[in-house]
Amino acid sequence: MMKNKENYSRMTESVLREIEAAGTCPSLLLHSCCAPCSSYVLEYLREYFYITVFYFNPNITPTEEYEKRREEELRLIDAYNRQVAEKSYGGMHSTGSAKPIRVMEAPYDASLFFEMAQGLETCPEGGERCFSCYRLRMEETARRAAAEGFDFFTTTLSISPLKNAPKINEIGAELERLYGVRFLRSDFKKRDGYKRSIELSHQFGLYRQNYCGCVFSERDAKTRGSAEEPAG
Ligand code: SF4
């Protein structure tokens, strides 16, 4: 049974203290769903890790939307790397030791998502289809992290108030055992993380979508008439 009482944000802090005490800078493969969600996570973690952003989101449709979100992600990383080169950064938790960020991309293949979603088309957002969607993207991240010798892997997904942080962390812990790479547990929305992601989105003029990503969430957003929604 899934535990709901874990304090994942405290677990992140504990790993960061461990890194500080060891005086090291491990490598982290960070799955990112979109620029707004990664904005705070990158600002926070770039002080402690050599981060490679893994942009792998076959859930996003249509292709134009995928490309738009991908381009925004690359634009944000470019802006952050310029800050590091010019030493012109700060941020909520800055210790003045931010590292440049690298990017790894997988080819866009929406069929991976549609295969996974078969039989789950009518699930409400936040249900079983979403759990499988988290796993699809997190498992590829863990697999790549293991293959390329990363020290840690994690995902930006827990920053969204609409995503299930206990489930994300449960999947991450399982993949950690399966692939032998440490999973950075997180609940990035906590400690004003989500609020900061909105501030950063405004600061960098980031495109904020009005649906999570898949065709089903787009349909649901139209029914709801929603304005902006964190990606997933
Ligand atoms: S609503 Fe979001 S998390 Fe859920 S299946 Fe669609 S894209 Fe994935």
# chains A, B, ... in the order shown; residues from 1 in each chain; ligands from 1

call {"tool": "residues_near_ligand", "arguments": {"ligand": "ligand 1", "cutoff": "10 Å", "atoms": "only C-alpha atoms and all ligand atoms", "output": "compact mmCIF listing (two decimals) with C-alpha atoms, in the first residue's frame"}}
result
# COMPACT_ATOMS: atom_id res chain seq x y z
CA CYS A 33 8.13 17.58 -18.71
CA ASN A 57 7.71 13.15 -23.37
CA PRO A 58 5.91 10.93 -25.90
CA ASN A 59 2.67 11.78 -24.06
CA ILE A 60 2.52 15.27 -25.61
CA THR A 61 0.30 15.78 -28.63
CA PHE A 113 2.26 6.77 -25.21
CA PHE A 114 -0.75 5.52 -27.18
CA MET A 116 0.68 2.46 -23.00
CA ALA A 117 -2.70 4.23 -22.77
CA LEU A 120 -7.05 3.66 -20.07
CA GLU A 121 -8.53 6.31 -22.37
CA CYS A 123 -9.45 7.33 -16.87
CA PRO A 124 -9.80 10.71 -15.20
CA GLU A 125 -6.69 12.88 -14.97
CA GLY A 126 -4.73 11.81 -11.90
CA GLY A 127 -5.75 8.15 -12.19
CA GLU A 128 -4.20 4.93 -13.49
CA ARG A 129 -3.37 6.30 -16.95
CA CYS A 130 -1.30 9.05 -15.37
CA PHE A 131 0.53 6.58 -13.13
CA SER A 132 1.49 4.56 -16.21
CA CYS A 133 2.47 7.79 -17.95
CA TYR A 134 4.81 8.72 -15.07
CA ARG A 135 6.32 5.24 -15.22
CA LEU A 136 6.82 5.30 -18.99
CA ARG A 137 8.94 8.45 -18.78
CA LEU A 157 6.82 15.87 -12.17
CA LEU A 162 -2.01 18.01 -9.94
CA LYS A 163 0.51 15.17 -9.82
CA ASN A 164 0.62 12.43 -7.21
CA TYR A 211 -3.44 21.12 -20.58
CA CYS A 212 -1.20 18.47 -19.12
CA GLY A 213 0.04 17.04 -22.41
CA CYS A 214 -1.90 14.10 -23.83
CA VAL A 215 -4.91 14.15 -26.11
CA PHE A 216 -7.13 13.07 -23.19
CA SER A 217 -6.02 15.93 -20.96
CA GLU A 218 -6.53 18.35 -23.86
CA ARG A 219 -10.10 17.06 -24.22
CA ASP A 220 -10.71 17.41 -20.46
CA ALA A 221 -9.21 20.93 -20.38
CA GLU A 229 -1.92 23.79 -16.19
CA PRO A 230 1.48 22.40 -15.26
CA ALA A 231 2.59 19.76 -17.76
CA GLY A 232 2.90 16.16 -16.77

call {"tool": "residues_around", "arguments": {"residues": "Glu73 in chain A", "least_positions_apart": "2", "cutoff": "12 Å", "atoms": "only C-alpha atoms", "output": "PyMOL selection string"}}
result
chain A and resi 31-39+42+53-56+66-71+75-80+101-105+201+204-208

call {"tool": "write_last_selection", "arguments": {"atoms": "C-alpha atoms", "output": "CSV table (one decimal), in the first residue's frame"}}
result
chain,number,residue,atom,x,y,z
A,31,HIS,CA,13.5,14.0,-16.6
A,32,SER,CA,11.7,17.3,-17.5
A,33,CYS,CA,8.1,17.6,-18.7
A,34,CYS,CA,8.3,21.3,-19.7
A,35,ALA,CA,10.2,24.5,-19.1
A,36,PRO,CA,7.9,26.0,-16.4
A,37,CYS,CA,8.0,22.9,-14.3
A,38,SER,CA,11.8,22.6,-14.6
A,39,SER,CA,12.5,26.3,-14.0
A,42,LEU,CA,16.9,23.5,-12.1
A,53,VAL,CA,18.0,17.4,-18.6
A,54,PHE,CA,16.3,14.5,-20.3
A,55,TYR,CA,13.5,15.6,-22.5
A,56,PHE,CA,11.4,12.5,-23.1
A,66,TYR,CA,5.6,18.9,-28.4
A,67,GLU,CA,8.0,21.1,-30.4
A,68,LYS,CA,6.8,24.3,-28.7
A,69,ARG,CA,7.4,22.9,-25.2
A,70,ARG,CA,10.7,21.4,-26.3
A,71,GLU,CA,11.9,24.8,-27.7
A,75,ARG,CA,15.6,28.3,-24.3
A,76,LEU,CA,15.4,28.2,-20.5
A,77,ILE,CA,18.5,26.0,-20.2
A,78,ASP,CA,20.3,28.4,-22.5
A,79,ALA,CA,19.3,31.3,-20.3
A,80,TYR,CA,20.4,29.5,-17.2
A,101,ILE,CA,23.2,22.3,-17.5
A,102,ARG,CA,23.4,19.8,-20.3
A,103,VAL,CA,20.6,18.3,-22.4
A,104,MET,CA,19.8,14.8,-23.6
A,105,GLU,CA,16.9,14.2,-25.9
A,201,SER,CA,8.0,31.4,-15.7
A,204,PHE,CA,11.7,34.2,-18.5
A,205,GLY,CA,8.4,34.7,-20.3
A,206,LEU,CA,7.9,31.0,-20.6
A,207,TYR,CA,5.0,29.5,-22.5
A,208,ARG,CA,2.5,27.9,-20.0

call {"tool": "closest_residue", "arguments": {"among": "A:Ala146, A:Leu74, A:Val41, A:Leu175", "to": "Asp187 in chain A", "atoms": "only C-alpha atoms"}}
result
A:Val41

call {"tool": "closest_residue", "arguments": {"among": "A:Ala165, A:Leu178, A:Met138, A:Leu184", "to": "Glu13 in chain A", "atoms": "only C-alpha atoms"}}
result
A:Leu184

call {"tool": "closest_residue", "arguments": {"among": "A:Ala106, A:Glu170, A:Glu43, A:Phe153", "to": "Tyr89 in chain A", "atoms": "only C-alpha atoms"}}
result
A:Glu43

call {"tool": "residues_around", "arguments": {"residues": "Lys87 in chain A", "least_positions_apart": "3", "cutoff": "12 Å", "atoms": "only C-alpha atoms", "output": "PyMOL selection string"}}
result
chain A and resi 79-84+90+94-100

call {"tool": "select_by_dssp", "arguments": {"residues": "range 12-64 of chain A", "states": "helix (DSSP H, G or I)", "output": "list in words"}}
result
Thr12, Glu13, Ser14, Val15, Leu16, Arg17, Glu18, Ile19, Glu20, Ala21, Ala22, Ala35, Pro36, Cys37, Ser38, Ser39, Tyr40, Val41, Leu42, Glu43, Tyr44, Leu45, Thr63 and Glu64 of chain A

call {"tool": "write_last_selection", "arguments": {"atoms": "C-alpha atoms", "output": "PDB file, in the first residue's frame"}}
result
ATOM      1  CA  THR A  12      15.749  15.826  -0.983  1.00  0.00           C
ATOM      2  CA  GLU A  13      17.285  18.137   1.623  1.00  0.00           C
ATOM      3  CA  SER A  14      18.946  15.232   3.350  1.00  0.00           C
ATOM      4  CA  VAL A  15      20.652  14.151   0.092  1.00  0.00           C
ATOM      5  CA  LEU A  16      21.782  17.734  -0.554  1.00  0.00           C
ATOM      6  CA  ARG A  17      23.312  17.908   2.951  1.00  0.00           C
ATOM      7  CA  GLU A  18      25.035  14.592   2.259  1.00  0.00           C
ATOM      8  CA  ILE A  19      26.524  16.017  -0.957  1.00  0.00           C
ATOM      9  CA  GLU A  20      27.659  19.176   0.835  1.00  0.00           C
ATOM     10  CA  ALA A  21      29.308  17.167   3.584  1.00  0.00           C
ATOM     11  CA  ALA A  22      31.110  14.963   1.060  1.00  0.00           C
ATOM     12  CA  ALA A  35      10.209  24.547 -19.084  1.00  0.00           C
ATOM     13  CA  PRO A  36       7.856  26.025 -16.426  1.00  0.00           C
ATOM     14  CA  CYS A  37       8.031  22.865 -14.271  1.00  0.00           C
ATOM     15  CA  SER A  38      11.802  22.576 -14.642  1.00  0.00           C
ATOM     16  CA  SER A  39      12.482  26.271 -13.958  1.00  0.00           C
ATOM     17  CA  TYR A  40      12.467  25.982 -10.173  1.00  0.00           C
ATOM     18  CA  VAL A  41      13.889  22.450 -10.059  1.00  0.00           C
ATOM     19  CA  LEU A  42      16.906  23.532 -12.112  1.00  0.00           C
ATOM     20  CA  GLU A  43      17.414  26.693 -10.072  1.00  0.00           C
ATOM     21  CA  TYR A  44      17.343  24.603  -6.896  1.00  0.00           C
ATOM     22  CA  LEU A  45      19.442  21.588  -7.917  1.00  0.00           C
ATOM     23  CA  THR A  63       3.569  17.400 -32.612  1.00  0.00           C
ATOM     24  CA  GLU A  64       3.454  21.215 -32.786  1.00  0.00           C
TER      25      GLU A  64
END

call {"tool": "select_by_dssp", "arguments": {"residues": "range 34-66 of chain A", "states": "strand (DSSP E)", "output": "JSON, numbers by chain"}}
result
{"A": [50, 51, 52, 53, 54, 55]}

call {"tool": "residues_around", "arguments": {"residues": "Arg182 in chain A", "least_positions_apart": "6", "cutoff": "10 Å", "atoms": "only C-alpha atoms", "output": "PDB file with N, CA and C atoms, in the first residue's frame"}}
result
ATOM      1  N   LEU A  28      23.370  14.052 -12.315  1.00  0.00           N
ATOM      2  CA  LEU A  28      21.933  13.795 -12.165  1.00  0.00           C
ATOM      3  C   LEU A  28      21.272  13.820 -13.538  1.00  0.00           C
ATOM      4  N   ALA A 142      15.512   6.247 -15.928  1.00  0.00           N
ATOM      5  CA  ALA A 142      16.332   5.353 -15.087  1.00  0.00           C
ATOM      6  C   ALA A 142      17.219   4.469 -15.964  1.00  0.00           C
ATOM      7  N   ALA A 145      19.978   6.563 -17.343  1.00  0.00           N
ATOM      8  CA  ALA A 145      20.896   6.948 -16.257  1.00  0.00           C
ATOM      9  C   ALA A 145      21.842   5.785 -15.952  1.00  0.00           C
ATOM     10  N   ALA A 146      21.291   4.576 -15.911  1.00  0.00           N
ATOM     11  CA  ALA A 146      22.123   3.398 -15.630  1.00  0.00           C
ATOM     12  C   ALA A 146      23.105   3.164 -16.772  1.00  0.00           C
ATOM     13  N   PHE A 150      25.157   7.678 -14.709  1.00  0.00           N
ATOM     14  CA  PHE A 150      24.789   8.802 -13.830  1.00  0.00           C
ATOM     15  C   PHE A 150      24.749   8.329 -12.377  1.00  0.00           C
ATOM     16  N   ASP A 151      24.975   9.277 -11.464  1.00  0.00           N
ATOM     17  CA  ASP A 151      24.907   8.955 -10.034  1.00  0.00           C
ATOM     18  C   ASP A 151      23.462   8.919  -9.543  1.00  0.00           C
ATOM     19  N   PHE A 152      22.623   9.811 -10.092  1.00  0.00           N
ATOM     20  CA  PHE A 152      21.235   9.935  -9.642  1.00  0.00           C
ATOM     21  C   PHE A 152      20.315  10.122 -10.856  1.00  0.00           C
ATOM     22  N   PHE A 153      19.045   9.827 -10.661  1.00  0.00           N
ATOM     23  CA  PHE A 153      18.023  10.261 -11.622  1.00  0.00           C
ATOM     24  C   PHE A 153      16.818  10.755 -10.833  1.00  0.00           C
ATOM     25  N   THR A 154      16.043  11.627 -11.468  1.00  0.00           N
ATOM     26  CA  THR A 154      14.760  12.044 -10.890  1.00  0.00           C
ATOM     27  C   THR A 154      13.923  12.708 -11.979  1.00  0.00           C
ATOM     28  N   GLY A 172       9.725   5.776  -8.487  1.00  0.00           N
ATOM     29  CA  GLY A 172      11.164   6.066  -8.496  1.00  0.00           C
ATOM     30  C   GLY A 172      11.946   5.079  -7.643  1.00  0.00           C
ATOM     31  N   ALA A 173      11.408   4.752  -6.458  1.00  0.00           N
ATOM     32  CA  ALA A 173      12.098   3.818  -5.560  1.00  0.00           C
ATOM     33  C   ALA A 173      12.178   2.426  -6.190  1.00  0.00           C
ATOM     34  N   LEU A 175      12.205   1.789  -9.442  1.00  0.00           N
ATOM     35  CA  LEU A 175      13.168   1.846 -10.555  1.00  0.00           C
ATOM     36  C   LEU A 175      14.607   1.897 -10.037  1.00  0.00           C
ATOM     37  N   GLU A 176      14.776   2.531  -8.900  1.00  0.00           N
ATOM     38  CA  GLU A 176      16.105   2.578  -8.265  1.00  0.00           C
ATOM     39  C   GLU A 176      16.608   1.153  -8.007  1.00  0.00           C
TER      40      GLU A 176
END

call {"tool": "closest_residue", "arguments": {"among": "A:Ile159, A:Ser88, A:Asp109, A:Asn169", "to": "Phe188 in chain A", "atoms": "only C-alpha atoms"}}
result
A:Ile159
